[in-house]
>>> print(open('start_18.txt').read())   # compact mmCIF, C-alpha atoms
# COMPACT_ATOMS: atom_id res chain seq x y z
CA MET A 1 0.00 0.00 0.00
CA VAL A 2 1.07 3.59 -0.70
CA VAL A 3 0.84 6.06 2.17
CA GLY A 4 -0.75 9.23 0.82
CA GLY A 5 -2.08 10.29 -2.55
CA GLY A 6 -0.15 13.53 -2.91
CA CYS A 7 2.87 14.20 -5.11
CA TYR A 8 4.98 11.41 -3.61
CA GLY A 9 2.18 8.83 -3.57
CA THR A 10 1.30 9.69 -7.15
CA PHE A 11 4.90 9.19 -8.23
CA TYR A 12 5.22 5.86 -6.42
CA ALA A 13 1.94 4.44 -7.72
CA SER A 14 2.86 5.56 -11.24
CA GLN A 15 6.33 4.00 -11.03
CA LEU A 16 4.91 0.72 -9.77
CA ALA A 17 2.51 0.61 -12.71
CA LYS A 18 5.38 1.23 -15.13
CA ALA A 19 7.49 -1.47 -13.49
CA LYS A 20 4.68 -4.00 -13.76
CA ALA A 21 4.00 -3.11 -17.40
CA ARG A 22 7.67 -3.69 -18.22
CA GLY A 23 7.85 -6.99 -16.39
CA LYS A 24 10.02 -5.66 -13.57
CA ALA A 25 7.49 -6.09 -10.75
CA GLU A 26 4.60 -8.34 -9.83
CA TYR A 27 1.83 -7.43 -7.41
CA ARG A 28 -1.86 -8.04 -6.85
CA THR A 29 -3.10 -4.53 -6.02
CA VAL A 30 -1.65 -1.16 -5.18
CA ILE A 31 -3.76 0.48 -2.47
CA VAL A 32 -3.43 4.26 -2.18
CA VAL A 33 -4.65 5.62 1.17
CA ASP A 34 -5.56 9.27 1.55
CA ARG A 35 -8.32 11.05 3.48
CA ASN A 36 -8.95 13.31 0.46
CA PRO A 37 -11.19 11.55 -2.10
CA ASP A 38 -9.96 14.01 -4.74
CA CYS A 39 -6.25 13.59 -4.05
CA GLN A 40 -3.67 14.08 -6.79
CA ALA A 41 -3.16 10.35 -7.34
CA TRP A 42 -6.89 9.89 -7.94
CA ARG A 43 -6.99 12.78 -10.40
CA ASP A 44 -3.81 11.79 -12.27
CA LEU A 45 -4.04 7.99 -12.22
CA GLY A 46 -7.51 6.85 -11.21
CA GLU A 47 -8.47 3.33 -10.28
CA ALA A 48 -7.45 0.31 -12.35
CA SER A 49 -7.83 -3.43 -12.18
CA ASP A 50 -4.73 -3.54 -9.98
CA ARG A 51 -5.02 -0.15 -8.23
CA ARG A 52 -7.64 1.06 -5.79
CA PHE A 53 -8.10 3.99 -3.44
CA VAL A 54 -9.13 3.99 0.21
CA THR A 55 -10.49 7.27 1.57
CA THR A 56 -9.74 7.35 5.27
CA ASP A 57 -7.19 8.63 7.75
CA TRP A 58 -4.01 6.61 8.19
CA THR A 59 -4.73 5.76 11.83
CA SER A 60 -8.01 4.03 11.03
CA PHE A 61 -6.53 2.27 8.02
CA PHE A 62 -3.52 0.80 9.81
CA ASP A 63 -5.53 -0.22 12.86
CA GLU A 64 -7.57 -2.49 10.59
CA TRP A 65 -5.01 -3.45 7.95
CA LEU A 66 -2.25 -4.38 10.38
CA SER A 67 -4.57 -6.17 12.78
CA ASP A 68 -4.46 -9.86 13.62
CA ALA A 69 -7.54 -10.55 11.48
CA PRO A 70 -6.72 -13.28 8.96
CA ARG A 71 -6.66 -12.38 5.29
CA THR A 72 -9.03 -14.38 3.12
CA THR A 73 -7.58 -13.54 -0.28
CA HIS A 74 -3.81 -13.70 0.20
CA ASP A 75 -0.97 -14.24 2.64
CA ALA A 76 -0.64 -11.01 4.64
CA ARG A 77 3.09 -11.66 5.06
CA ASP A 78 3.51 -10.51 1.46
CA ASP A 79 2.06 -7.04 2.12
CA GLN A 80 4.38 -4.08 1.60
CA ILE A 81 4.19 -0.45 2.74
CA VAL A 82 5.46 2.41 0.57
CA PRO A 83 6.01 5.39 2.90
CA SER A 84 6.18 9.05 2.06
CA PRO A 85 9.53 10.62 2.97
CA HIS A 86 7.71 13.32 4.98
CA MET A 87 5.10 11.25 6.78
CA PRO A 88 4.97 11.17 10.60
CA HIS A 89 6.23 8.08 12.41
CA LEU A 90 3.03 6.15 11.63
CA MET A 91 4.34 2.66 12.30
CA PHE A 92 5.56 3.59 15.77
CA GLU A 93 2.20 5.23 16.47
CA TRP A 94 0.48 1.93 15.61
CA VAL A 95 2.81 -0.05 17.90
CA LEU A 96 2.16 2.51 20.65
CA ARG A 97 -1.63 2.20 20.29
CA ARG A 98 -1.35 -1.59 20.43
CA ALA A 99 0.72 -1.41 23.61
CA ARG A 100 -1.77 0.89 25.33
CA ALA A 101 -4.67 -1.35 24.35
CA ARG A 102 -2.80 -4.45 25.52
CA TRP A 103 -1.86 -2.99 28.94
CA PRO A 104 -4.57 -0.49 29.96
CA GLN A 105 -3.51 -0.72 33.61
CA ARG A 106 0.17 -0.10 32.97
CA GLY A 107 1.88 3.15 32.15
CA VAL A 108 2.86 3.20 28.47
CA SER A 109 4.82 6.28 27.49
CA VAL A 110 7.12 7.65 24.80
CA GLU A 111 10.57 8.96 25.65
CA LEU A 112 13.27 10.54 23.56
CA VAL A 113 15.89 7.96 22.66
CA PRO A 114 18.95 8.63 24.85
CA GLY A 115 22.62 8.18 24.08
CA ASP A 116 25.18 9.57 21.68
CA PHE A 117 24.60 8.88 18.00
CA PRO A 118 27.29 9.23 15.32
CA THR A 119 25.27 10.93 12.56
CA PRO A 120 25.90 14.57 11.59
CA TYR A 121 22.16 15.26 11.63
CA ASP A 122 20.43 14.51 14.94
CA ARG A 123 17.34 16.46 15.99
CA PRO A 124 14.51 15.84 18.46
CA GLY A 125 10.90 16.33 17.39
CA SER A 126 8.12 17.79 19.52
CA ASP A 127 6.58 14.29 19.74
CA HIS A 128 9.77 12.77 21.27
CA THR A 129 10.86 11.34 17.92
CA ARG A 130 14.59 11.52 17.33
CA TYR A 131 15.34 12.23 13.67
CA VAL A 132 18.79 11.15 12.53
CA SER A 133 20.60 11.16 9.19
CA TRP A 134 24.01 10.33 7.84
CA ALA A 135 23.60 13.12 5.28
CA ASP A 136 24.68 16.67 6.06
CA TRP A 137 23.75 17.67 2.51
CA ILE A 138 20.56 17.91 0.46
CA CYS A 139 19.87 14.45 -0.93
CA PRO A 140 18.70 13.99 -4.54
CA THR A 141 14.96 13.57 -4.93
CA HIS A 142 13.90 9.88 -4.92
CA CYS A 143 17.45 8.75 -4.15
CA ILE A 144 17.66 4.95 -4.00
CA GLU A 145 20.66 5.06 -1.61
CA PRO A 146 23.07 3.11 -3.83
CA ALA A 147 26.47 1.87 -2.71
CA LEU A 148 28.01 4.89 -4.48
CA CYS A 149 26.40 7.95 -2.90
CA PRO A 150 25.32 10.35 -5.69
CA ALA A 151 25.54 13.38 -3.40
CA ILE A 152 29.23 12.99 -2.55
CA GLY A 153 30.36 10.84 -5.48
CA ALA A 154 32.01 8.34 -3.15
CA PRO A 155 31.17 4.95 -1.62
CA ARG A 156 28.52 4.95 1.09
CA THR A 157 30.30 3.69 4.19
CA TRP A 158 27.32 3.76 6.57
CA GLU A 159 24.20 1.72 7.22
CA MET A 160 21.60 3.16 9.56
CA ALA A 161 20.41 -0.25 10.81
CA GLU A 162 23.91 -1.03 12.12
CA SER A 163 24.10 2.35 13.85
CA VAL A 164 20.76 1.85 15.63
CA ARG A 165 21.67 -1.68 16.72
CA ASP A 166 24.97 -0.38 18.09
CA LEU A 167 23.07 2.27 20.07
CA ALA A 168 20.76 -0.36 21.59
CA GLN A 169 23.77 -2.44 22.65
CA ARG A 170 25.43 0.57 24.28
CA LEU A 171 22.26 1.44 26.17
CA ARG A 172 21.99 -2.12 27.48
CA ALA A 173 25.65 -2.06 28.49
CA ALA A 174 24.89 1.11 30.45
CA GLY A 175 22.16 -0.70 32.38
CA ARG A 176 19.05 0.38 30.45
CA PRO A 177 16.46 -2.42 29.96
CA VAL A 178 16.30 -1.74 26.22
CA ALA A 179 14.86 -4.43 23.96
CA GLY A 180 15.17 -4.50 20.21
CA PRO A 181 15.57 -2.52 18.17
CA ALA A 182 12.39 -3.10 16.20
CA LEU A 183 13.34 -1.71 12.81
CA PHE A 184 11.12 -1.05 9.81
CA VAL A 185 13.72 -0.73 7.06
CA CYS A 186 12.68 0.97 3.83
CA LYS A 187 14.70 -0.34 0.89
CA HIS A 188 14.55 0.48 -2.81
CA GLN A 189 12.80 -2.26 -4.76
CA VAL A 190 12.07 -1.03 -8.28
CA PHE A 191 11.97 2.17 -10.38
CA GLY A 192 12.73 4.51 -7.47
CA VAL A 193 10.17 3.01 -5.07
CA GLY A 194 11.23 2.07 -1.56
CA MET A 195 9.14 -0.08 0.78
CA PHE A 196 9.19 -2.26 3.86
CA ALA A 197 7.20 -5.33 4.83
CA ALA A 198 4.03 -4.98 6.86
CA GLU A 199 5.09 -8.18 8.59
CA ALA A 200 8.11 -6.31 9.99
CA VAL A 201 5.72 -3.93 11.72
CA ARG A 202 3.71 -6.83 13.15
CA ALA A 203 6.97 -8.41 14.31
CA GLY A 204 7.84 -5.18 16.08
CA ASP A 205 4.52 -5.34 17.92
CA ARG A 206 5.26 -8.92 18.96
CA LEU A 207 8.69 -7.85 20.21
CA VAL A 208 7.06 -5.20 22.43
CA GLU A 209 4.61 -7.78 23.78
CA ALA A 210 7.42 -10.20 24.62
CA ALA A 211 9.66 -7.54 26.17
CA ALA A 212 7.02 -6.50 28.71
CA ALA A 213 5.54 -9.94 29.35
CA GLY A 214 5.12 -10.99 32.97
CA GLY A 215 4.76 -7.47 34.28
CA ALA A 216 8.43 -6.47 34.19
CA PRO A 217 9.17 -2.91 33.10
CA ALA A 218 10.62 -2.64 29.63
CA GLU A 219 11.92 -0.19 27.07
CA VAL A 220 11.82 -0.92 23.35
CA LEU A 221 13.77 1.01 20.74
CA VAL A 222 11.65 1.39 17.59
CA GLY A 223 12.78 2.92 14.32
CA THR A 224 11.59 3.49 10.78
CA ILE A 225 14.78 3.81 8.77
CA SER A 226 16.46 3.62 5.41
CA SER A 227 20.17 3.20 4.81
CA CYS A 228 20.80 6.89 5.45
CA HIS A 229 17.93 8.33 7.50
CA GLY A 230 15.82 7.35 10.48
CA ALA A 231 13.04 8.25 12.92
CA LEU A 232 13.61 6.70 16.36
CA ASN A 233 11.44 6.40 19.47
CA LEU A 234 11.76 4.74 22.86
CA LEU A 235 8.58 3.00 24.01
CA ARG A 236 8.48 2.50 27.78
CA ILE A 237 6.11 0.11 29.55
CA ALA A 238 5.98 0.56 33.32
CA ASP A 239 6.07 -2.16 35.97
CA GLY A 240 2.86 -4.18 35.91
>>> encode(input="start_18.txt", output="structure tokens")
Amino acid sequence: MVVGGGCYGTFYASQLAKAKARGKAEYRTVIVVDRNPDCQAWRDLGEASDRRFVTTDWTSFFDEWLSDAPRTTHDARDDQIVPSPHMPHLMFEWVLRRARARWPQRGVSVELVPGDFPTPYDRPGSDHTRYVSWADWICPTHCIEPALCPAIGAPRTWEMAESVRDLAQRLRAAGRPVAGPALFVCKHQVFGVGMFAAEAVRAGDRLVEAAAAGGAPAEVLVGTISSCHGALNLLRIADG
């Protein structure tokens, strides 16, 4: 599914259609989700036999689509999410809602991820999301993050997933009860379109459930990342 039917969502849905027409991609249906029934993707592309639009807010959509309800038409483990580069941290918000519903009697809170991080860009958001990036330059539009970075013309020597895992290890070594990280890693797949598996998000939810099982307090590091950029949160579940 494509998050949003604006300029980015329109580009991604269009590129997926081109890739399929040229035999470079196979998929059942591209779902474009936007609360505006007259979004740009609808106007420019319209519905097709393998493309449909869902008019709703993202919270409602993901609460149903990522739920434990069994799929009747296909294996849900094949589902993919195509994010917008400017969307809020929607996958963490879903994991957070699941945790609060699972433990209504326990304190479930969001904290800014602590610890030093090696990236040149590192900024906190007002919602306690820590935004990090290995780039201290303006990245090319729709960059696929190849091994040879197009912005600097040199090999890319970093991988955000490794950096986040290193941070989690250092926090544990310092005595923090940090589980994870649960990482939703967006990777380029075809024609400039990056995506991550919906099953990775469900696995992150299961990791949170396991970390706080039995009533013990827990902290889970959760991130939506690519090779170069990331949005990180610390989910804290209080003693039960």
>>> closest_residue(input="start_18.txt", among="A:Ile31, A:Thr10, A:Glu111, A:Asp38", to="Ser126 of chain A", atoms="all atoms listed in the file")
A:Glu111
>>> atom_distance(input="start_18.txt", atom1="atom CA of Val185 of chain A", atom2="atom CA of Phe62 of chain A")
17.5 Å
>>> residues_around(input="start_18.txt", residues="segment 14-20 of chain A", least_positions_apart="3", cutoff="8 Å", atoms="all atoms listed in the file", output="list in words")
Thr10, Phe11, Gly23, Lys24, Ala25, Glu26, Tyr27, Leu45, Val190, Phe191, Gly192 and Val193 of chain A
>>> closest_residue(input="start_18.txt", among="A:Leu90, A:Leu207, A:Ile144, A:Met1", to="Ser227 of chain A", atoms="all atoms listed in the file")
A:Ile144
>>> closest_residue(input="start_18.txt", among="A:Ala174, A:Ala216, A:Cys139, A:Cys186", to="Ile237 of chain A", atoms="all atoms listed in the file")
A:Ala216
>>> atom_distance(input="start_18.txt", atom1="atom CA of Thr129 of chain A", atom2="atom CA of Leu234 of chain A")
8.3 Å
>>> atom_distance(input="start_18.txt", atom1="atom CA of Pro146 of chain A", atom2="atom CA of Gly194 of chain A")
12.1 Å
>>> closest_residue(input="start_18.txt", among="A:Ser49, A:Ser67, A:Thr56, A:Gln80", to="Asp34 of chain A", atoms="only C-alpha atoms")
A:Thr56
>>> closest_residue(input="start_18.txt", among="A:Arg43, A:Asp57, A:Val2, A:His89", to="Val30 of chain A", atoms="all atoms listed in the file")
A:Val2
>>> residues_around(input="start_18.txt", residues="Arg100 of chain A", least_positions_apart="4", cutoff="12 Å", atoms="all atoms listed in the file", output="PyMOL selection string")
chain A and resi 93-96+104-110+205+208-209+212+235-238
>>> closest_residue(input="start_18.txt", among="A:Ala213, A:Val164, A:Val113, A:Ala182", to="Ala200 of chain A", atoms="all atoms listed in the file")
A:Ala182
>>> residues_around(input="start_18.txt", residues="Pro124 of chain A", least_positions_apart="2", cutoff="10 Å", atoms="only C-alpha atoms", output="PyMOL selection string")
chain A and resi 112-113+122+126-132+231-233
>>> residues_around(input="start_18.txt", residues="segment 119-121 of chain A", least_positions_apart="3", cutoff="9 Å", atoms="all atoms listed in the file", output="PyMOL selection string")
chain A and resi 131-136+163
>>> residues_around(input="start_18.txt", residues="Gly4 of chain A", least_positions_apart="4", cutoff="9 Å", atoms="only C-alpha atoms", output="PyMOL selection string")
chain A and resi 8-10+32-35+39+41+58+83-84+87
